[in-house]
file protein.tsv (TSV, C-alpha atoms)
chain	number	residue	atom	x	y	z
A	1	MET	CA	-120.69	256.33	-68.60
A	2	GLU	CA	-118.03	254.53	-66.62
A	3	VAL	CA	-116.55	256.50	-63.73
A	4	ASP	CA	-113.16	255.44	-62.41
A	5	TYR	CA	-113.54	257.11	-59.01
A	6	PRO	CA	-117.23	257.06	-58.04
A	7	ILE	CA	-116.43	257.64	-54.36
A	8	ALA	CA	-114.82	260.99	-55.20
A	9	ILE	CA	-117.98	262.03	-57.05
A	10	ALA	CA	-120.13	260.79	-54.18
A	11	ILE	CA	-118.16	262.86	-51.66
A	12	LEU	CA	-118.71	266.06	-53.65
A	13	ALA	CA	-122.39	265.23	-54.13
A	14	SER	CA	-122.78	264.53	-50.41
A	15	TYR	CA	-121.26	267.95	-49.66
A	16	PHE	CA	-124.09	269.68	-51.51
A	17	ALA	CA	-126.62	267.24	-50.05
A	18	LEU	CA	-125.39	268.27	-46.59
A	19	ILE	CA	-126.02	271.93	-47.43
A	20	PHE	CA	-129.61	271.19	-48.44
A	21	PHE	CA	-130.10	269.06	-45.31
A	22	LEU	CA	-128.87	271.87	-43.05
A	23	LEU	CA	-131.14	274.40	-44.77
A	24	TRP	CA	-134.04	271.97	-44.41
A	25	ARG	CA	-133.25	271.69	-40.71
A	26	ILE	CA	-132.84	275.43	-40.10
A	27	LEU	CA	-135.39	277.19	-42.30
A	28	PRO	CA	-138.55	275.89	-40.54
A	29	THR	CA	-137.39	277.71	-37.41
A	30	LEU	CA	-137.49	280.93	-39.39
A	31	THR	CA	-140.60	280.31	-41.51
A	32	ASN	CA	-142.65	279.21	-38.47
A	33	SER	CA	-141.43	282.07	-36.27
A	34	PRO	CA	-143.71	284.58	-34.49
A	35	SER	CA	-142.03	287.35	-36.59
A	36	GLN	CA	-141.65	289.96	-33.88
A	37	ASN	CA	-140.04	292.33	-36.38
A	38	PRO	CA	-140.65	291.09	-39.94
A	39	THR	CA	-138.91	294.04	-41.61
A	40	SER	CA	-135.63	293.50	-39.76
A	41	SER	CA	-135.88	289.73	-40.26
A	42	LEU	CA	-136.32	290.27	-43.99
A	43	LEU	CA	-133.25	292.53	-44.03
A	44	PHE	CA	-131.04	289.76	-42.69
A	45	ILE	CA	-132.57	287.16	-45.00
A	46	VAL	CA	-131.69	289.42	-47.94
A	47	LEU	CA	-128.18	289.90	-46.54
A	48	SER	CA	-127.79	286.11	-46.28
A	49	LEU	CA	-128.67	285.77	-49.98
A	50	ILE	CA	-126.20	288.52	-50.92
A	51	SER	CA	-123.54	286.81	-48.82
A	52	PHE	CA	-124.21	283.46	-50.46
A	53	TYR	CA	-123.96	284.99	-53.93
A	54	ALA	CA	-120.74	286.86	-53.14
A	55	THR	CA	-118.92	283.94	-51.53
A	56	TRP	CA	-120.09	281.13	-53.77
A	57	THR	CA	-119.50	283.00	-57.01
A	58	TYR	CA	-115.82	282.73	-56.16
A	59	MET	CA	-116.15	279.26	-54.67
A	60	PHE	CA	-117.31	277.97	-58.04
A	61	LYS	CA	-114.51	279.94	-59.68
A	62	PHE	CA	-112.16	278.15	-57.32
A	63	PHE	CA	-113.54	274.79	-58.49
A	64	PHE	CA	-112.95	275.76	-62.14
A	65	HIS	CA	-109.49	277.12	-61.30
A	66	SER	CA	-108.55	273.91	-59.50
A	67	TYR	CA	-109.85	271.78	-62.38
A	68	ARG	CA	-107.78	273.74	-64.90
A	69	GLU	CA	-104.68	273.40	-62.72
A	70	TRP	CA	-105.24	269.65	-62.50
A	71	LYS	CA	-105.56	269.42	-66.31
A	72	THR	CA	-102.24	271.22	-66.73
A	73	VAL	CA	-100.41	269.07	-64.20
A	74	SER	CA	-101.91	265.77	-65.35
A	75	GLY	CA	-101.61	266.52	-69.06
A	76	TYR	CA	-105.31	265.88	-69.66
A	77	PHE	CA	-106.64	267.84	-72.62
A	78	GLY	CA	-109.95	266.08	-73.25
A	79	ASP	CA	-113.48	267.35	-72.70
A	80	VAL	CA	-115.02	267.82	-69.30
A	81	THR	CA	-116.76	264.58	-68.41
A	82	LEU	CA	-118.00	262.99	-65.23
A	83	ASN	CA	-115.03	260.64	-65.37
A	84	SER	CA	-112.51	263.46	-65.79
A	85	ILE	CA	-114.13	265.23	-62.83
A	86	SER	CA	-113.74	262.05	-60.80
A	87	HIS	CA	-110.02	261.97	-61.64
A	88	TRP	CA	-109.70	265.63	-60.65
A	89	LEU	CA	-111.43	265.08	-57.31
A	90	GLU	CA	-109.40	261.96	-56.63
A	91	ASN	CA	-106.08	263.74	-57.15
A	92	VAL	CA	-106.86	267.13	-55.60
A	93	SER	CA	-107.83	267.97	-52.02
A	94	LEU	CA	-110.07	270.99	-52.46
A	95	PHE	CA	-110.40	271.65	-48.73
A	96	ASP	CA	-106.68	271.48	-48.09
A	97	SER	CA	-105.84	273.52	-51.18
A	98	ALA	CA	-108.32	276.30	-50.37
A	99	TRP	CA	-107.32	276.66	-46.73
A	100	ARG	CA	-103.58	276.59	-47.39
A	101	THR	CA	-104.04	279.26	-50.05
A	102	VAL	CA	-105.66	281.63	-47.56
A	103	ASN	CA	-103.26	280.79	-44.69
A	104	VAL	CA	-99.82	280.94	-46.31
A	105	GLY	CA	-98.37	284.45	-46.43
A	106	VAL	CA	-98.86	287.48	-44.22
A	107	TRP	CA	-101.24	289.27	-46.59
A	108	PRO	CA	-103.62	286.36	-47.24
A	109	TRP	CA	-103.69	285.68	-43.50
A	110	LEU	CA	-104.49	289.34	-42.82
A	111	TRP	CA	-107.84	288.73	-44.50
A	112	SER	CA	-108.43	285.15	-43.43
A	113	HIS	CA	-107.61	285.37	-39.73
A	114	GLN	CA	-110.47	287.84	-39.26
A	115	LEU	CA	-112.98	285.16	-40.19
A	116	CYS	CA	-111.31	282.61	-37.91
A	117	THR	CA	-111.20	284.93	-34.89
A	118	PHE	CA	-114.78	286.03	-35.50
A	119	THR	CA	-115.99	282.44	-35.68
A	120	VAL	CA	-114.24	281.07	-32.59
A	121	GLY	CA	-114.43	284.18	-30.42
A	122	VAL	CA	-117.72	285.81	-31.40
A	123	TRP	CA	-119.96	283.64	-33.57
A	124	ALA	CA	-119.81	280.49	-31.43
A	125	PRO	CA	-120.66	282.45	-28.23
A	126	ILE	CA	-123.57	284.19	-29.96
A	127	LEU	CA	-125.02	280.86	-31.02
A	128	ALA	CA	-124.54	279.27	-27.61
A	129	ILE	CA	-125.75	282.21	-25.51
A	130	GLU	CA	-128.59	283.62	-27.58
A	131	GLY	CA	-129.70	280.18	-28.70
A	132	ALA	CA	-130.09	279.11	-25.07
A	133	ARG	CA	-131.98	282.29	-24.20
A	134	ARG	CA	-134.49	281.51	-26.93
A	135	GLN	CA	-134.25	277.73	-26.42
A	136	LEU	CA	-133.71	277.29	-30.16
A	137	PRO	CA	-133.10	273.80	-31.57
A	138	TYR	CA	-130.27	272.62	-33.82
A	139	LEU	CA	-127.73	275.31	-32.93
A	140	TRP	CA	-125.00	273.02	-34.27
A	141	ALA	CA	-126.65	273.20	-37.69
A	142	TYR	CA	-126.00	276.95	-37.95
A	143	MET	CA	-122.33	276.41	-37.17
A	144	LEU	CA	-122.01	273.56	-39.65
A	145	LEU	CA	-123.84	275.58	-42.31
A	146	GLY	CA	-121.35	278.38	-41.73
A	147	GLN	CA	-118.46	275.99	-42.22
A	148	VAL	CA	-119.74	274.38	-45.43
A	149	VAL	CA	-121.35	277.49	-47.00
A	150	ALA	CA	-120.20	280.76	-45.41
A	151	ILE	CA	-120.09	282.11	-41.87
A	152	SER	CA	-121.71	285.34	-43.03
A	153	THR	CA	-124.63	283.49	-44.65
A	154	SER	CA	-125.28	281.45	-41.53
A	155	ALA	CA	-124.83	284.49	-39.28
A	156	ALA	CA	-127.39	286.50	-41.22
A	157	LEU	CA	-129.92	283.65	-40.99
A	158	PHE	CA	-129.37	283.29	-37.25
A	159	PHE	CA	-129.71	287.05	-36.71
A	160	ALA	CA	-133.04	286.84	-38.55
A	161	VAL	CA	-134.08	284.04	-36.18
A	162	MET	CA	-132.93	286.05	-33.15
A	163	ILE	CA	-135.13	288.95	-34.23
A	164	SER	CA	-138.10	286.65	-34.81
A	165	TYR	CA	-137.80	284.94	-31.41
A	166	GLN	CA	-137.57	287.10	-28.33
A	167	PRO	CA	-135.53	285.77	-25.39
A	168	ILE	CA	-137.55	283.68	-22.94
A	169	ALA	CA	-137.75	285.31	-19.51
A	170	LYS	CA	-134.83	284.30	-17.27
A	171	SER	CA	-133.64	281.65	-19.73
A	172	ASN	CA	-129.84	281.44	-19.88
A	173	PRO	CA	-127.16	278.90	-20.74
A	174	SER	CA	-126.18	276.80	-17.75
A	175	PHE	CA	-122.89	277.40	-15.97
A	176	THR	CA	-121.61	274.11	-17.39
A	177	SER	CA	-122.45	275.31	-20.91
A	178	LEU	CA	-120.77	278.66	-20.28
A	179	TYR	CA	-117.61	277.05	-18.91
A	180	THR	CA	-117.52	274.75	-21.94
A	181	LEU	CA	-117.95	277.81	-24.16
A	182	CYS	CA	-115.05	279.59	-22.44
A	183	ILE	CA	-112.76	276.59	-22.88
A	184	SER	CA	-113.82	276.24	-26.52
A	185	SER	CA	-113.25	279.93	-27.27
A	186	VAL	CA	-109.83	280.13	-25.61
A	187	SER	CA	-108.69	276.89	-27.25
A	188	GLY	CA	-110.04	278.08	-30.59
A	189	ILE	CA	-108.10	281.34	-30.37
A	190	ILE	CA	-104.95	279.31	-29.70
A	191	THR	CA	-105.51	277.29	-32.89
A	192	VAL	CA	-105.94	280.56	-34.82
A	193	VAL	CA	-102.64	281.89	-33.48
A	194	ILE	CA	-100.90	278.62	-34.40
A	195	SER	CA	-102.41	278.38	-37.88
A	196	PRO	CA	-100.01	280.56	-39.94
A	197	TYR	CA	-96.98	278.87	-38.36
A	198	VAL	CA	-98.10	275.38	-39.44
A	199	ALA	CA	-99.74	276.36	-42.73
A	200	SER	CA	-96.88	274.87	-44.76
A	201	THR	CA	-96.49	271.73	-42.67
A	202	GLU	CA	-98.27	268.43	-42.16
A	203	LEU	CA	-99.69	269.74	-38.88
A	204	PHE	CA	-101.85	272.28	-40.69
A	205	MET	CA	-104.86	270.03	-41.32
A	206	HIS	CA	-104.73	268.65	-37.78
A	207	ASN	CA	-104.80	272.17	-36.35
A	208	LEU	CA	-107.60	273.18	-38.71
A	209	LEU	CA	-109.64	270.10	-37.78
A	210	ILE	CA	-109.24	270.88	-34.07
A	211	MET	CA	-110.31	274.48	-34.70
A	212	HIS	CA	-113.48	273.34	-36.46
A	213	LEU	CA	-114.38	270.64	-33.92
A	214	LEU	CA	-113.94	272.96	-30.94
A	215	LEU	CA	-116.71	275.16	-32.31
A	216	PHE	CA	-119.30	272.43	-31.76
A	217	LEU	CA	-118.49	271.69	-28.11
A	218	PRO	CA	-120.73	274.41	-26.64
A	219	LEU	CA	-123.52	273.75	-29.17
A	220	ILE	CA	-124.09	270.02	-28.76
A	221	ASN	CA	-126.36	268.87	-25.94
A	222	GLN	CA	-126.55	272.39	-24.61
A	223	LYS	CA	-128.34	272.92	-21.30
A	224	TYR	CA	-130.09	276.06	-20.12
A	225	ILE	CA	-131.42	277.26	-16.78
A	226	GLN	CA	-134.45	279.37	-15.87
A	227	ILE	CA	-132.77	281.86	-13.55
A	228	SER	CA	-131.25	285.32	-13.83
A	229	ASP	CA	-127.94	285.21	-12.04
A	230	MET	CA	-125.54	288.16	-12.08
A	231	LYS	CA	-122.64	285.72	-12.34
A	232	ILE	CA	-123.96	284.57	-15.72
A	233	HIS	CA	-123.94	288.11	-17.11
A	234	VAL	CA	-120.49	288.83	-15.65
A	235	LEU	CA	-119.13	285.65	-17.24
A	236	ILE	CA	-120.65	286.53	-20.62
A	237	ILE	CA	-119.31	290.10	-20.46
A	238	SER	CA	-115.85	288.74	-19.63
A	239	LEU	CA	-116.03	286.31	-22.55
A	240	TYR	CA	-116.95	289.03	-25.05
A	241	ILE	CA	-114.30	291.44	-23.75
A	242	PHE	CA	-111.71	288.66	-23.90
A	243	ALA	CA	-112.70	287.98	-27.52
A	244	ALA	CA	-112.49	291.66	-28.47
A	245	GLY	CA	-109.11	292.10	-26.76
A	246	THR	CA	-107.42	289.00	-28.14
A	247	ASN	CA	-108.85	289.55	-31.61
A	248	LEU	CA	-107.57	293.14	-31.58
A	249	VAL	CA	-104.08	292.01	-30.57
A	250	ILE	CA	-104.01	289.38	-33.33
A	251	TYR	CA	-105.37	291.89	-35.87
A	252	VAL	CA	-102.84	294.62	-35.02
A	253	ASN	CA	-99.97	292.14	-34.95
A	254	GLN	CA	-100.91	290.85	-38.40
A	255	TRP	CA	-101.07	294.38	-39.79
A	256	LEU	CA	-97.61	295.09	-38.35
A	257	GLN	CA	-96.24	291.99	-40.10
A	258	CYS	CA	-97.73	293.19	-43.38
A	259	ILE	CA	-96.29	296.67	-42.95
A	260	VAL	CA	-92.84	295.29	-42.15
A	261	THR	CA	-92.84	293.18	-45.33
A	262	THR	CA	-93.91	296.11	-47.54
A	263	PRO	CA	-91.00	297.89	-49.28
A	264	ARG	CA	-90.42	301.41	-48.01
A	265	SER	CA	-91.60	304.19	-50.31
A	266	ASP	CA	-93.05	307.67	-50.27
A	267	HIS	CA	-96.49	306.23	-50.93
A	268	ILE	CA	-96.66	303.62	-48.17
A	269	ILE	CA	-100.39	304.12	-47.50
A	270	SER	CA	-101.38	303.69	-51.14
A	271	ASP	CA	-99.01	300.72	-51.42
A	272	LEU	CA	-100.67	299.03	-48.44
A	273	ILE	CA	-104.14	299.63	-49.85
A	274	HIS	CA	-103.06	298.32	-53.26
A	275	GLN	CA	-101.58	295.18	-51.70
A	276	LEU	CA	-104.71	294.66	-49.60
A	277	ILE	CA	-106.97	294.81	-52.65
A	278	SER	CA	-104.57	292.76	-54.79
A	279	THR	CA	-104.57	290.01	-52.17
A	280	PHE	CA	-108.37	290.08	-52.06
A	281	PHE	CA	-108.55	289.10	-55.75
A	282	ALA	CA	-105.29	287.13	-56.00
A	283	HIS	CA	-106.98	283.72	-55.95
A	284	PRO	CA	-110.61	282.55	-56.13
A	285	ALA	CA	-110.36	280.83	-52.72
A	286	GLN	CA	-108.95	284.01	-51.21
A	287	SER	CA	-111.70	286.11	-52.81
A	288	SER	CA	-114.38	283.79	-51.44
A	289	ILE	CA	-113.17	283.98	-47.83
A	290	SER	CA	-112.43	287.71	-48.16
A	291	TYR	CA	-115.98	288.36	-49.35
A	292	ASP	CA	-117.14	286.28	-46.39
A	293	ILE	CA	-115.27	288.67	-44.10
A	294	VAL	CA	-116.69	291.76	-45.83
A	295	CYS	CA	-120.21	290.32	-45.54
A	296	VAL	CA	-119.65	289.48	-41.86
A	297	ASN	CA	-118.70	293.11	-41.27
A	298	VAL	CA	-121.74	294.41	-43.16
A	299	ILE	CA	-124.11	292.01	-41.38
A	300	SER	CA	-122.62	292.89	-37.98
A	301	ILE	CA	-123.03	296.60	-38.70
A	302	ALA	CA	-126.64	295.94	-39.71
A	303	TRP	CA	-127.22	294.07	-36.45
A	304	MET	CA	-125.75	296.87	-34.36
A	305	LEU	CA	-127.71	299.53	-36.26
A	306	THR	CA	-131.00	297.72	-35.67
A	307	HIS	CA	-130.30	297.64	-31.92
A	308	VAL	CA	-128.45	300.89	-31.33
A	309	LYS	CA	-131.53	303.10	-30.82
A	310	SER	CA	-131.75	302.21	-27.14
A	311	TYR	CA	-128.16	303.31	-26.49
A	312	THR	CA	-127.04	306.82	-25.58
A	313	SER	CA	-123.29	306.28	-25.16
A	314	ARG	CA	-121.31	307.72	-28.06
A	315	TRP	CA	-118.71	305.00	-27.90
A	316	VAL	CA	-121.38	302.45	-28.86
A	317	TYR	CA	-121.76	304.33	-32.14
A	318	MET	CA	-117.99	304.32	-32.45
A	319	THR	CA	-117.98	300.52	-32.49
A	320	ILE	CA	-120.17	300.69	-35.58
A	321	LEU	CA	-118.01	303.28	-37.30
A	322	LEU	CA	-114.80	301.39	-36.48
A	323	THR	CA	-116.01	298.04	-37.81
A	324	PRO	CA	-114.67	298.55	-41.37
A	325	LEU	CA	-111.30	299.48	-39.88
A	326	LEU	CA	-110.97	296.95	-37.05
A	327	SER	CA	-113.35	294.21	-38.28
A	328	ALA	CA	-116.44	292.79	-36.60
A	329	SER	CA	-114.30	290.31	-34.69
A	330	VAL	CA	-113.30	293.27	-32.48
A	331	THR	CA	-116.28	295.63	-32.54
A	332	LEU	CA	-119.25	293.25	-32.36
A	333	PRO	CA	-118.16	291.57	-29.09
A	334	LEU	CA	-117.72	295.04	-27.57
A	335	PHE	CA	-121.25	295.91	-28.62
A	336	LEU	CA	-122.55	292.63	-27.22
A	337	ALA	CA	-120.67	293.20	-23.96
A	338	THR	CA	-122.46	296.55	-23.67
A	339	THR	CA	-125.79	294.83	-24.24
A	340	GLU	CA	-124.95	292.31	-21.55
A	341	TYR	CA	-123.90	295.07	-19.15
A	342	ARG	CA	-127.30	296.71	-19.60
A	343	LEU	CA	-128.97	293.42	-18.66
A	344	LEU	CA	-126.71	293.18	-15.61
A	345	THR	CA	-127.54	296.74	-14.56
A	346	HIS	CA	-131.24	296.07	-14.97
A	347	LEU	CA	-130.92	292.94	-12.84
A	348	LYS	CA	-129.12	294.87	-10.10
A	349	ASN	CA	-131.89	297.49	-10.03
A	350	GLU	CA	-134.64	294.97	-9.61

call {"tool": "encode", "arguments": {"input": "protein.tsv", "output": "structure tokens"}}
result
Amino acid sequence: MEVDYPIAIAILASYFALIFFLLWRILPTLTNSPSQNPTSSLLFIVLSLISFYATWTYMFKFFFHSYREWKTVSGYFGDVTLNSISHWLENVSLFDSAWRTVNVGVWPWLWSHQLCTFTVGVWAPILAIEGARRQLPYLWAYMLLGQVVAISTSAALFFAVMISYQPIAKSNPSFTSLYTLCISSVSGIITVVISPYVASTELFMHNLLIMHLLLFLPLINQKYIQISDMKIHVLIISLYIFAAGTNLVIYVNQWLQCIVTTPRSDHIISDLIHQLISTFFAHPAQSSISYDIVCVNVISIAWMLTHVKSYTSRWVYMTILLTPLLSASVTLPLFLATTEYRLLTHLKNE
């Protein structure tokens, strides 16, 4: 069969080939692990599969939705063929279409910004810091897998790896790596703040590209050091608290914008909940990223629950209970900051 746009088909095929390559690169780290806690590792592997199913069910629905839209616009009413798919891919930018859908409008952005703030402010630091402490290879592959599949899927896999590999004594990211991480996180947060203001302009894709590239800076050619320095722990605590604080401000501000745009009524709470759920299912691309956020919250709660037994402070339990309300982009970095503070206290007492 003759295909008019073979490059378009090749690009889509290479996307799925990249997913398999990343899994091939990552999974041996998990399958060959010492399995310090196989039950907990299995929990996060199962959560990664659930996340993949939830997000990609709607990703494929988005593909079908986009194809049907293209047929309507182009006036094509023939059967689905490889050639018609090539025409669809040639004339539609799936990446641009999906991201603009979840960025334009205060309600879609209420869902979507949570994933962006989590990724730049929490997920990238976890990879850089905990990866260095375990001297794990291919940290960039987890980030790229999160970008092409789902952040929640990649996060669950990395949490399973973290459980399987205990931190190496006194192994920490170097100060250079930590400074790079701080610059990347702050710059990433700035791109998140800018995103809704450029979502309808030509600058949108440039801003989105910068956001995605910044995430790799602390993960490529990362260096670690074999010392326990209090300054390292203080810097990490500051980074997590900064992430929690800025993410909370962005989250509250977005909620206020949504409330302001909601018509006044005697049932404002039920109206807000209805609009929140309606937005969740308004578009397949929105549903996919919204499920990604829900899965991130569930996976983060699971991570905190598996590590909360050693804590006595009630407020640590509050971070778990508040996650569905405030999102993991706020509560998980607070939990991690507490973990880091315990390490700092232990170091001081030595």

call {"tool": "atom_distance", "arguments": {"input": "protein.tsv", "atom1": "atom CA of Leu136 of chain A", "atom2": "atom CA of Met162 of chain A"}}
result
9.3 Å

call {"tool": "closest_residue", "arguments": {"input": "protein.tsv", "among": "A:Ile269, A:Val73, A:Val260, A:Cys295", "to": "Tyr53 of chain A", "atoms": "all atoms listed in the file"}}
result
A:Cys295

call {"tool": "closest_residue", "arguments": {"input": "protein.tsv", "among": "A:Met59, A:Leu30, A:Leu256, A:Leu94", "to": "Val161 of chain A", "atoms": "only C-alpha atoms"}}
result
A:Leu30

call {"tool": "closest_residue", "arguments": {"input": "protein.tsv", "among": "A:Ile225, A:Val3, A:Ile126, A:Val192", "to": "Met211 of chain A", "atoms": "all atoms listed in the file"}}
result
A:Val192

call {"tool": "atom_distance", "arguments": {"input": "protein.tsv", "atom1": "atom CA of Ser265 of chain A", "atom2": "atom CA of Tyr251 of chain A"}}
result
23.4 Å

call {"tool": "atom_distance", "arguments": {"input": "protein.tsv", "atom1": "atom CA of Val296 of chain A", "atom2": "atom CA of Ala328 of chain A"}}
result
7.0 Å

call {"tool": "residues_around", "arguments": {"input": "protein.tsv", "residues": "Trp107 of chain A", "least_positions_apart": "5", "cutoff": "9 Å", "atoms": "all atoms listed in the file", "output": "number ranges by chain"}}
result
A: 102, 112, 254-255, 257-258, 275-276, 279

call {"tool": "residues_around", "arguments": {"input": "protein.tsv", "residues": "Thr101 of chain A", "least_positions_apart": "6", "cutoff": "8 Å", "atoms": "only C-alpha atoms", "output": "PyMOL selection string"}}
result
chain A and resi 108+283+285-286

call {"tool": "residues_near_point", "arguments": {"input": "protein.tsv", "point": "(-126.3, 271.0, -16.5)", "cutoff": "8 Å", "atoms": "only C-alpha atoms", "output": "JSON list (two decimals) with C-alpha atoms, keeping the file's coordinate frame"}}
result
[["chain", "number", "residue", "atom", "x", "y", "z"],
["A", 174, "SER", "CA", -126.18, 276.80, -17.75],
["A", 175, "PHE", "CA", -122.89, 277.40, -15.97],
["A", 176, "THR", "CA", -121.61, 274.11, -17.39],
["A", 177, "SER", "CA", -122.45, 275.31, -20.91],
["A", 223, "LYS", "CA", -128.34, 272.92, -21.30],
["A", 224, "TYR", "CA", -130.09, 276.06, -20.12]]

call {"tool": "closest_residue", "arguments": {"input": "protein.tsv", "among": "A:Ile85, A:Ile194, A:Leu248, A:Val46", "to": "Ile210 of chain A", "atoms": "only C-alpha atoms"}}
result
A:Ile194

call {"tool": "closest_atom_pairs", "arguments": {"input": "protein.tsv", "of": "segment 244-309 of chain A", "to": "segment 319-322 of chain A", "cutoff": "10 Å", "atoms": "all atoms listed in the file", "output": "CSV"}}
result
residue,atom,partner,partner_atom,distance
A:Asn297,CA,A:Ile320,CA,9.6
A:Val298,CA,A:Ile320,CA,10.0
A:Ser300,CA,A:Ile320,CA,8.5
A:Ile301,CA,A:Ile320,CA,5.9
A:Ala302,CA,A:Ile320,CA,9.0
A:Trp303,CA,A:Ile320,CA,9.7
A:Met304,CA,A:Ile320,CA,6.9
A:Leu305,CA,A:Ile320,CA,7.7
A:Val308,CA,A:Ile320,CA,9.3

call {"tool": "write_last_selection", "arguments": {"input": "protein.tsv", "atoms": "C-alpha atoms", "output": "PDB file, in the coordinates of the input"}}
result
ATOM      1  CA  ASN A 297    -118.700 293.110 -41.270  1.00  0.00           C
ATOM      2  CA  VAL A 298    -121.740 294.410 -43.160  1.00  0.00           C
ATOM      3  CA  SER A 300    -122.620 292.890 -37.980  1.00  0.00           C
ATOM      4  CA  ILE A 301    -123.030 296.600 -38.700  1.00  0.00           C
ATOM      5  CA  ALA A 302    -126.640 295.940 -39.710  1.00  0.00           C
ATOM      6  CA  TRP A 303    -127.220 294.070 -36.450  1.00  0.00           C
ATOM      7  CA  MET A 304    -125.750 296.870 -34.360  1.00  0.00           C
ATOM      8  CA  LEU A 305    -127.710 299.530 -36.260  1.00  0.00           C
ATOM      9  CA  VAL A 308    -128.450 300.890 -31.330  1.00  0.00           C
TER      10      VAL A 308
END

call {"tool": "residues_near_point", "arguments": {"input": "protein.tsv", "point": "(-111.5, 275.6, -30.4)", "cutoff": "8 Å", "atoms": "only C-alpha atoms", "output": "PyMOL selection string"}}
result
chain A and resi 120+183-191+210-215

call {"tool": "closest_residue", "arguments": {"input": "protein.tsv", "among": "A:Ala243, A:Ile151, A:Ile168, A:Ala98", "to": "Val330 of chain A", "atoms": "all atoms listed in the file"}}
result
A:Ala243

call {"tool": "closest_residue", "arguments": {"input": "protein.tsv", "among": "A:Ile273, A:Leu208, A:Phe335, A:His307", "to": "Asn103 of chain A", "atoms": "all atoms listed in the file"}}
result
A:Leu208

call {"tool": "axis_aligned_box", "arguments": {"input": "protein.tsv", "around": "segment 296-300 of chain A", "padding_each_side": "4 Å", "output": "lines of an AutoDock Vina configuration file"}}
result
center_x = -121.4
center_y = 291.9
center_z = -40.6
size_x = 13.4
size_y = 12.9
size_z = 13.2
